[in-house]
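S.K.: Could you have a look at this structure, given as structure tokens, before my questions?
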Amino acid sequence: MKFTNRVTIICIAFNHEKWVEKALISVLLQDFEDRELIIVDNGSKDRTPDIIKEWVKNNTDKLPVTAIYKNMSVPYCQLFNEVLSRVESQFVVDLSGDDFLYANHLSQSIAKLQQTPNAAFVFSDAMILEENGEQSTFYKHEDHKELAKKTRSNDMYETLIRKSYISAPTVVFITDILKQVGGYDATLSYEDFDVQLRLVRGFPIVFSEHVGVLKRKHGDSLSASQYQRYKSKMLPSTLRVCEKIKEMNRDLREEAALSERVLFELKHALWSANFEVAQGFANLADEMNVKGIQFSLYKLWLRVRLDISWLYVNLI
């Protein structure tokens, strides 16, 4: 049975004992009435499962809740797809157990989506909370007009190749479209770079100016390991996405954007001494016929495998 106008929030938590209750409360406090929550503990080793069980016991009378508890951790993209397959709502949200939805996020996001037929998703601004307590918005206010213009003209693909320009926790997907493109790529260690590009390539998207989500930055978050010294789990996935982009590209501007991204990721792979994946980026750059002094220097660095990652750790 399909539920028109319902939104399903999939909240996947892993060792989020400090934050998961706040994440669940933020779902409960939404001013969008027709919603359901699927909360998944992904094999946490801390008190996260106990906190979820207690919260669910006290709140199942307030909104539809399904709780799933994994004995062992499952790769994130694979787990999300597993849960997505059972979703029958019109809209779906991927909420991490350490993030927080502001009360009007769903209502404002869905109102925007309903104004744009065939849109794959809507995204908004976010508040970024640093470990030291400092807060700042993901976008500068002057960026809002440019974002609205780019989304109206379906001109975000090239932008997303060059840089991560959408705060993933703010996204509200159209469920059927997300399923149509196969959900997340289960072979990847993280989802947003790939799925946003695949959806933007084929469908319109929408920007809403409201600040929808509080996104926490901390040492245990996945993004913190993006350029982890020697053994980044994310860089091989980034390389795979760049290879997929090469297949999706249609013109020279998009190829130039990918060249820029590949050189950027190659640089960080070298700095963090992830030399095997750096070789993959160098090979891709060669395939794309990238030229220039910068790339030549990177290839020399790769050849001698100069490890100065100790300096990189102190700089980032």
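Here, A, B, ... name the chains of the structure tokens in the order displayed, residue numbers run from 1 inside each chain, and ligands are numbered from 1 in the same displayed order.
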Go through stretch 147-240 of chain A residue by residue and, counting only C-alpha atoms, keep those with an atom at most 10 Å from stretch 112-131 of chain A; for each kept residue give the shortest atom pair and its distance in Å to one decimal, ordered by chain and increasing number, as a Markdown table.
M.R.:
```
| residue | atom | partner | partner_atom | distance |
| --- | --- | --- | --- | --- |
| A:Leu147 | CA | A:Ser124 | CA | 9.8 |
| A:Thr151 | CA | A:Val122 | CA | 9.7 |
| A:Arg152 | CA | A:Thr116 | CA | 9.5 |
| A:Ile166 | CA | A:Phe123 | CA | 7.0 |
| A:Ser167 | CA | A:Ala126 | CA | 6.9 |
| A:Ala168 | CA | A:Phe123 | CA | 7.8 |
| A:Pro169 | CA | A:Ala126 | CA | 8.2 |
| A:Thr170 | CA | A:Phe123 | CA | 5.3 |
| A:Val171 | CA | A:Phe123 | CA | 4.5 |
| A:Val172 | CA | A:Val122 | CA | 5.4 |
| A:Phe173 | CA | A:Phe121 | CA | 4.3 |
| A:Ile174 | CA | A:Ala120 | CA | 5.5 |
| A:Thr175 | CA | A:Ala120 | CA | 8.4 |
| A:Asp176 | CA | A:Ala120 | CA | 8.8 |
| A:Ile177 | CA | A:Ala120 | CA | 6.0 |
| A:Leu178 | CA | A:Ala120 | CA | 7.3 |
| A:Gln196 | CA | A:Phe121 | CA | 9.0 |
| A:Leu199 | CA | A:Ala120 | CA | 6.5 |
| A:Val200 | CA | A:Ala120 | CA | 7.8 |
| A:Gly202 | CA | A:Ala120 | CA | 8.7 |
| A:Phe203 | CA | A:Ala120 | CA | 5.8 |
| A:Pro204 | CA | A:Ala119 | CA | 4.6 |
| A:Ile205 | CA | A:Ala119 | CA | 4.9 |
| A:Val206 | CA | A:Val122 | CA | 4.5 |
| A:Phe207 | CA | A:Phe123 | CA | 5.2 |
| A:Ser208 | CA | A:Ser124 | CA | 4.8 |
| A:Glu209 | CA | A:Ser124 | CA | 5.7 |
| A:His210 | CA | A:Asp125 | CA | 5.9 |
| A:Val211 | CA | A:Asp125 | CA | 4.5 |
| A:Gly212 | CA | A:Ala126 | CA | 5.6 |
| A:Val213 | CA | A:Ala126 | CA | 4.9 |
| A:Leu214 | CA | A:Met127 | CA | 4.8 |
| A:Lys215 | CA | A:Ile128 | CA | 4.9 |
| A:Arg216 | CA | A:Leu129 | CA | 4.8 |
| A:Lys217 | CA | A:Glu130 | CA | 5.2 |
| A:His218 | CA | A:Glu131 | CA | 5.6 |
| A:Gly219 | CA | A:Glu131 | CA | 8.3 |
```
S.K.: Pick out the residues sitting within 12 Å of A:Asn249, and hand them over as a PyMOL selection string; count only C-alpha atoms, and ignore anything fewer than 3 positions along from it in its own chain.
M.R.: chain A and resi 157-158+161+197-198+201-202+242-246+252-259+288
S.K.: Which one of A:Gln279, A:Gln108, A:Asp185, A:Trp271 sits closest to A:Ser237 if you count only C-alpha atoms?
M.R.: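 Of all the options, A:Asp185 lies closest to A:Ser237.
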S.K.: Among stretch 49-298 of chain A, which residues does DSSP mark as helix (DSSP H, G or I) when it is run on the backbone? Keep the chain and numbering as in the structure and answer as a ChimeraX atom specification.
M.R.: /A:49-59,76-84,105-114,143-152,157-162,168-170,175-180,192-202,222-225,235-248,252-271,275-287,293-298
S.K.: Considering only C-alpha atoms, return as a PyMOL selection string whatever protein or nucleic-acid residues lie within 9 Å of A:Asn5, sequence-local ones (same chain, fewer than 5 positions apart) excluded.
M.R.: chain A and resi 34-35+89-91+110
S.K.: Can you pull out the residues contacting A:Phe14? Cut-off 12 Å, using only C-alpha atoms, and skip same-chain residues under 2 positions away; I want them as a PyMOL selection string.
M.R.: chain A and resi 11-12+16-20+39-49+51-52+69-76+79+95-98+220-222
S.K.: Please produce a file of the residues just selected, as a compact mmCIF listing (two decimals), in the first residue's frame, where the atoms kept are C-alpha atoms.
M.R.:
```txt
# COMPACT_ATOMS: atom_id res chain seq x y z
CA CYS A 11 17.42 6.84 11.36
CA ILE A 12 20.54 4.65 11.42
CA HIS A 16 25.54 7.42 19.05
CA GLU A 17 24.66 7.19 22.75
CA LYS A 18 25.44 10.90 23.26
CA TRP A 19 23.03 12.09 20.57
CA VAL A 20 20.52 9.45 19.45
CA ILE A 39 15.12 3.43 13.77
CA VAL A 40 18.02 1.03 13.21
CA ASP A 41 20.84 0.30 15.62
CA ASN A 42 23.72 -0.87 13.44
CA GLY A 43 25.50 -3.12 15.92
CA SER A 44 26.53 -0.40 18.39
CA LYS A 45 28.98 -1.29 21.15
CA ASP A 46 27.85 1.47 23.52
CA ARG A 47 24.46 2.19 25.15
CA THR A 48 22.75 3.23 21.91
CA PRO A 49 20.48 0.12 21.67
CA ILE A 51 18.52 4.22 24.73
CA ILE A 52 16.55 3.39 21.58
CA TYR A 69 18.57 -4.02 16.05
CA LYS A 70 21.56 -5.49 14.23
CA ASN A 71 23.89 -7.84 16.09
CA MET A 72 26.78 -6.88 13.81
CA SER A 73 27.43 -3.72 11.83
CA VAL A 74 26.31 -3.75 8.20
CA PRO A 75 27.86 -1.41 5.59
CA TYR A 76 25.83 1.80 5.65
CA LEU A 79 21.74 -1.28 5.31
CA LEU A 95 18.72 10.77 9.32
CA SER A 96 21.95 9.93 11.14
CA GLY A 97 21.69 9.15 14.83
CA ASP A 98 23.92 12.13 15.65
CA ASP A 220 33.80 9.74 15.25
CA SER A 221 31.77 10.94 12.27
CA LEU A 222 32.33 9.27 8.92
```
S.K.: Could you give me, as a count of residues only, the residues within 9 Å of A:Glu33, counting only C-alpha atoms and dropping anything in the same chain fewer than 2 positions from it?
M.R.: 5
S.K.: For A:Gly280, find every residue with an atom within 12 Å (counting only C-alpha atoms), except residues of its own chain fewer than 2 positions away, and show them as a list in words.
M.R.: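 So the residues in contact are Leu235, Pro236, Ser237, Thr238, Leu239, Arg240, Val241, Cys242, Glu243, Val262, Leu263, Glu265, Leu266, Ala269, Leu270, Asn274, Phe275, Glu276, Val277, Ala278, Ala282, Asn283, Leu284, Ala285, Asp286, Glu287, Lys299 and Leu302 of chain A.
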S.K.: Deliver the residues from the most recent selection as a file, using N, CA and C atoms, as a tab-separated table (two decimals), in the first residue's frame.
M.R.:
```
chain	number	residue	atom	x	y	z
A	235	LEU	N	38.29	7.28	0.51
A	235	LEU	CA	38.96	7.61	-0.75
A	235	LEU	C	38.74	6.57	-1.85
A	236	PRO	N	38.80	5.26	-1.57
A	236	PRO	CA	38.52	4.31	-2.65
A	236	PRO	C	37.12	4.47	-3.23
A	237	SER	N	36.14	4.81	-2.36
A	237	SER	CA	34.79	5.04	-2.86
A	237	SER	C	34.73	6.32	-3.69
A	238	THR	N	35.46	7.34	-3.28
A	238	THR	CA	35.50	8.58	-4.05
A	238	THR	C	36.09	8.32	-5.44
A	239	LEU	N	37.13	7.49	-5.50
A	239	LEU	CA	37.71	7.12	-6.79
A	239	LEU	C	36.68	6.41	-7.66
A	240	ARG	N	35.92	5.50	-7.07
A	240	ARG	CA	34.90	4.77	-7.82
A	240	ARG	C	33.83	5.73	-8.36
A	241	VAL	N	33.44	6.70	-7.55
A	241	VAL	CA	32.43	7.67	-8.00
A	241	VAL	C	32.99	8.51	-9.14
A	242	CYS	N	34.24	8.91	-9.04
A	242	CYS	CA	34.86	9.69	-10.13
A	242	CYS	C	34.89	8.87	-11.42
A	243	GLU	N	35.14	7.58	-11.33
A	243	GLU	CA	35.11	6.72	-12.52
A	243	GLU	C	33.69	6.67	-13.09
A	262	VAL	N	39.46	15.25	-9.66
A	262	VAL	CA	40.43	14.16	-9.58
A	262	VAL	C	41.77	14.66	-9.06
A	263	LEU	N	42.23	15.80	-9.53
A	263	LEU	CA	43.50	16.36	-9.04
A	263	LEU	C	43.40	16.73	-7.56
A	265	GLU	N	41.46	15.26	-5.28
A	265	GLU	CA	41.47	14.02	-4.49
A	265	GLU	C	42.84	13.35	-4.54
A	266	LEU	N	43.52	13.43	-5.68
A	266	LEU	CA	44.88	12.89	-5.80
A	266	LEU	C	45.81	13.60	-4.82
A	269	ALA	N	45.07	12.35	-1.35
A	269	ALA	CA	45.52	10.97	-1.20
A	269	ALA	C	47.03	10.92	-1.00
A	270	LEU	N	47.77	11.77	-1.71
A	270	LEU	CA	49.22	11.82	-1.54
A	270	LEU	C	49.61	12.38	-0.18
A	274	ASN	N	47.91	7.74	1.24
A	274	ASN	CA	47.07	6.66	0.71
A	274	ASN	C	47.51	6.41	-0.74
A	275	PHE	N	48.71	5.79	-0.86
A	275	PHE	CA	49.37	5.76	-2.17
A	275	PHE	C	48.68	4.84	-3.17
A	276	GLU	N	48.07	3.75	-2.71
A	276	GLU	CA	47.42	2.84	-3.66
A	276	GLU	C	46.24	3.52	-4.35
A	277	VAL	N	45.39	4.19	-3.56
A	277	VAL	CA	44.26	4.87	-4.18
A	277	VAL	C	44.74	6.11	-4.95
A	278	ALA	N	45.85	6.72	-4.51
A	278	ALA	CA	46.43	7.83	-5.28
A	278	ALA	C	46.81	7.36	-6.68
A	282	ALA	N	45.62	8.86	-10.26
A	282	ALA	CA	46.59	9.22	-11.31
A	282	ALA	C	46.27	8.50	-12.61
A	283	ASN	N	45.89	7.23	-12.52
A	283	ASN	CA	45.52	6.47	-13.71
A	283	ASN	C	44.30	7.08	-14.39
A	284	LEU	N	43.32	7.48	-13.58
A	284	LEU	CA	42.11	8.09	-14.14
A	284	LEU	C	42.46	9.42	-14.82
A	285	ALA	N	43.32	10.21	-14.20
A	285	ALA	CA	43.75	11.48	-14.80
A	285	ALA	C	44.46	11.23	-16.13
A	286	ASP	N	45.28	10.19	-16.19
A	286	ASP	CA	45.94	9.85	-17.45
A	286	ASP	C	44.92	9.47	-18.53
A	287	GLU	N	43.92	8.68	-18.14
A	287	GLU	CA	42.86	8.29	-19.08
A	287	GLU	C	42.14	9.52	-19.64
A	299	LYS	N	52.59	13.09	-10.00
A	299	LYS	CA	53.07	11.78	-10.46
A	299	LYS	C	54.48	11.50	-9.95
A	302	LEU	N	54.13	10.51	-6.37
A	302	LEU	CA	53.62	9.14	-6.30
A	302	LEU	C	54.72	8.13	-6.60
```
S.K.: Interatomic distance between atom CA of A:Val87 and atom CA of A:Thr8?
M.R.: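 Atom CA of A:Thr8 lies 7.0 Å from atom CA of A:Val87.
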S.K.: For A:Asp194, which residue out of A:Met248, A:Ser153, A:Ser272, A:Leu297 is the nearest one, using only C-alpha atoms?
M.R.: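 Checking each candidate against A:Asp194, we get A:Met248 as the closest.
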S.K.: In Å, rounded to a single decimal, give me how far atom CA of A:Phe295 is from atom CA of A:Ala273.
M.R.: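 These two atoms are separated by 16.6 Å.
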S.K.: Quote the spacing between atom CA of A:Ser309 and atom CA of A:Tyr227 in Å to one decimal place.
M.R.: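 Atom CA of A:Tyr227 lies at a distance of 10.2 Å from atom CA of A:Ser309.
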S.K.: Could you tell me which of A:Arg261, A:Arg229, A:Lys22, A:Lys179 comes closest to A:Thr159 if we count only C-alpha atoms?
M.R.: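 Ranked by minimum distance to A:Thr159, first place goes to A:Arg261.
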S.K.: Please determine, counting only C-alpha atoms, which residue among A:Glu21, A:Asp155, A:Asp251, A:Glu36 has the shortest atom-to-atom distance to A:Asn58.
M.R.: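 Closest candidate: A:Glu21.
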S.K.: Got a sec: who's within 7 Å of A:Ile38, counting only C-alpha atoms, leaving out chain neighbours fewer than 6 positions off, as a PyMOL selection string?
M.R.: chain A and resi 9-11+65-67
S.K.: Once DSSP has gone over the backbone, tell me which residues of stretch 112-266 of chain A are in strand (DSSP E), as a PyMOL selection string.
M.R.: chain A and resi 121-129+135-137+172-174+206-216
S.K.: Mind writing the picked residues with N, CA, C and O atoms as a short mmCIF file (atom, residue, chain, number, x, y, z; two decimals), in the first residue's frame?
M.R.:
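Listing of again_39.cif after writing:
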```
data_model
loop_
_atom_site.label_atom_id
_atom_site.label_comp_id
_atom_site.auth_asym_id
_atom_site.auth_seq_id
_atom_site.Cartn_x
_atom_site.Cartn_y
_atom_site.Cartn_z
N PHE A 121 14.61 15.29 -5.29
CA PHE A 121 14.76 15.61 -3.87
C PHE A 121 14.82 17.11 -3.66
O PHE A 121 15.02 17.89 -4.60
N VAL A 122 14.64 17.49 -2.41
CA VAL A 122 14.81 18.87 -1.98
C VAL A 122 15.92 18.89 -0.94
O VAL A 122 16.08 17.93 -0.18
N PHE A 123 16.71 19.97 -0.93
CA PHE A 123 17.72 20.14 0.11
C PHE A 123 17.62 21.55 0.65
O PHE A 123 17.02 22.44 0.02
N SER A 124 18.20 21.77 1.82
CA SER A 124 18.11 23.08 2.46
C SER A 124 19.44 23.45 3.09
O SER A 124 20.44 22.71 2.97
N ASP A 125 19.45 24.57 3.80
CA ASP A 125 20.61 24.96 4.57
C ASP A 125 20.67 24.13 5.85
O ASP A 125 19.69 23.49 6.25
N ALA A 126 21.82 24.13 6.50
CA ALA A 126 22.01 23.39 7.75
C ALA A 126 22.84 24.21 8.71
O ALA A 126 23.62 25.07 8.28
N MET A 127 22.69 23.93 9.97
CA MET A 127 23.54 24.51 10.99
C MET A 127 24.62 23.48 11.34
O MET A 127 24.31 22.35 11.68
N ILE A 128 25.88 23.89 11.21
CA ILE A 128 27.00 22.99 11.49
C ILE A 128 27.51 23.29 12.90
O ILE A 128 27.87 24.43 13.22
N LEU A 129 27.53 22.26 13.74
CA LEU A 129 27.97 22.40 15.13
C LEU A 129 29.33 21.74 15.28
O LEU A 129 29.48 20.52 15.14
N GLN A 135 29.06 27.40 16.00
CA GLN A 135 28.04 27.08 15.02
C GLN A 135 28.13 28.03 13.82
O GLN A 135 28.46 29.20 13.97
N SER A 136 27.84 27.50 12.65
CA SER A 136 27.77 28.32 11.45
C SER A 136 26.86 27.61 10.45
O SER A 136 26.72 26.38 10.49
N THR A 137 26.24 28.37 9.56
CA THR A 137 25.40 27.74 8.55
C THR A 137 26.26 27.14 7.45
O THR A 137 27.37 27.58 7.19
N VAL A 172 15.45 15.58 1.46
CA VAL A 172 14.22 14.78 1.51
C VAL A 172 13.99 14.24 0.10
O VAL A 172 13.85 15.00 -0.86
N PHE A 173 14.01 12.92 -0.02
CA PHE A 173 13.90 12.24 -1.32
C PHE A 173 12.45 11.93 -1.67
O PHE A 173 11.62 11.68 -0.79
N ILE A 174 12.18 11.87 -2.97
CA ILE A 174 10.98 11.19 -3.47
C ILE A 174 11.31 9.71 -3.50
O ILE A 174 12.23 9.28 -4.21
N VAL A 206 15.35 20.61 -5.94
CA VAL A 206 14.80 21.85 -5.40
C VAL A 206 15.63 22.29 -4.20
O VAL A 206 16.07 21.45 -3.40
N PHE A 207 15.82 23.60 -4.07
CA PHE A 207 16.47 24.16 -2.88
C PHE A 207 15.46 24.94 -2.06
O PHE A 207 14.67 25.72 -2.60
N SER A 208 15.47 24.74 -0.74
CA SER A 208 14.66 25.50 0.19
C SER A 208 15.59 26.30 1.10
O SER A 208 16.57 25.75 1.62
N GLU A 209 15.29 27.58 1.31
CA GLU A 209 16.21 28.46 2.01
C GLU A 209 16.24 28.25 3.52
O GLU A 209 17.13 28.79 4.19
N HIS A 210 15.33 27.49 4.07
CA HIS A 210 15.29 27.35 5.53
C HIS A 210 16.48 26.54 6.05
O HIS A 210 17.08 25.75 5.31
N VAL A 211 16.83 26.75 7.30
CA VAL A 211 17.85 25.94 7.98
C VAL A 211 17.13 24.74 8.59
O VAL A 211 16.36 24.90 9.54
N GLY A 212 17.37 23.56 8.03
CA GLY A 212 16.54 22.41 8.37
C GLY A 212 17.11 21.45 9.39
O GLY A 212 16.36 20.75 10.08
N VAL A 213 18.44 21.39 9.48
CA VAL A 213 19.08 20.32 10.26
C VAL A 213 20.26 20.89 11.03
O VAL A 213 20.97 21.77 10.54
N LEU A 214 20.45 20.36 12.23
CA LEU A 214 21.69 20.59 12.97
C LEU A 214 22.61 19.42 12.69
O LEU A 214 22.29 18.27 13.03
N LYS A 215 23.74 19.68 12.05
CA LYS A 215 24.72 18.65 11.69
C LYS A 215 25.92 18.75 12.62
O LYS A 215 26.58 19.78 12.69
N ARG A 216 26.19 17.69 13.34
CA ARG A 216 27.30 17.67 14.28
C ARG A 216 28.59 17.21 13.59
O ARG A 216 28.57 16.23 12.85
#
```
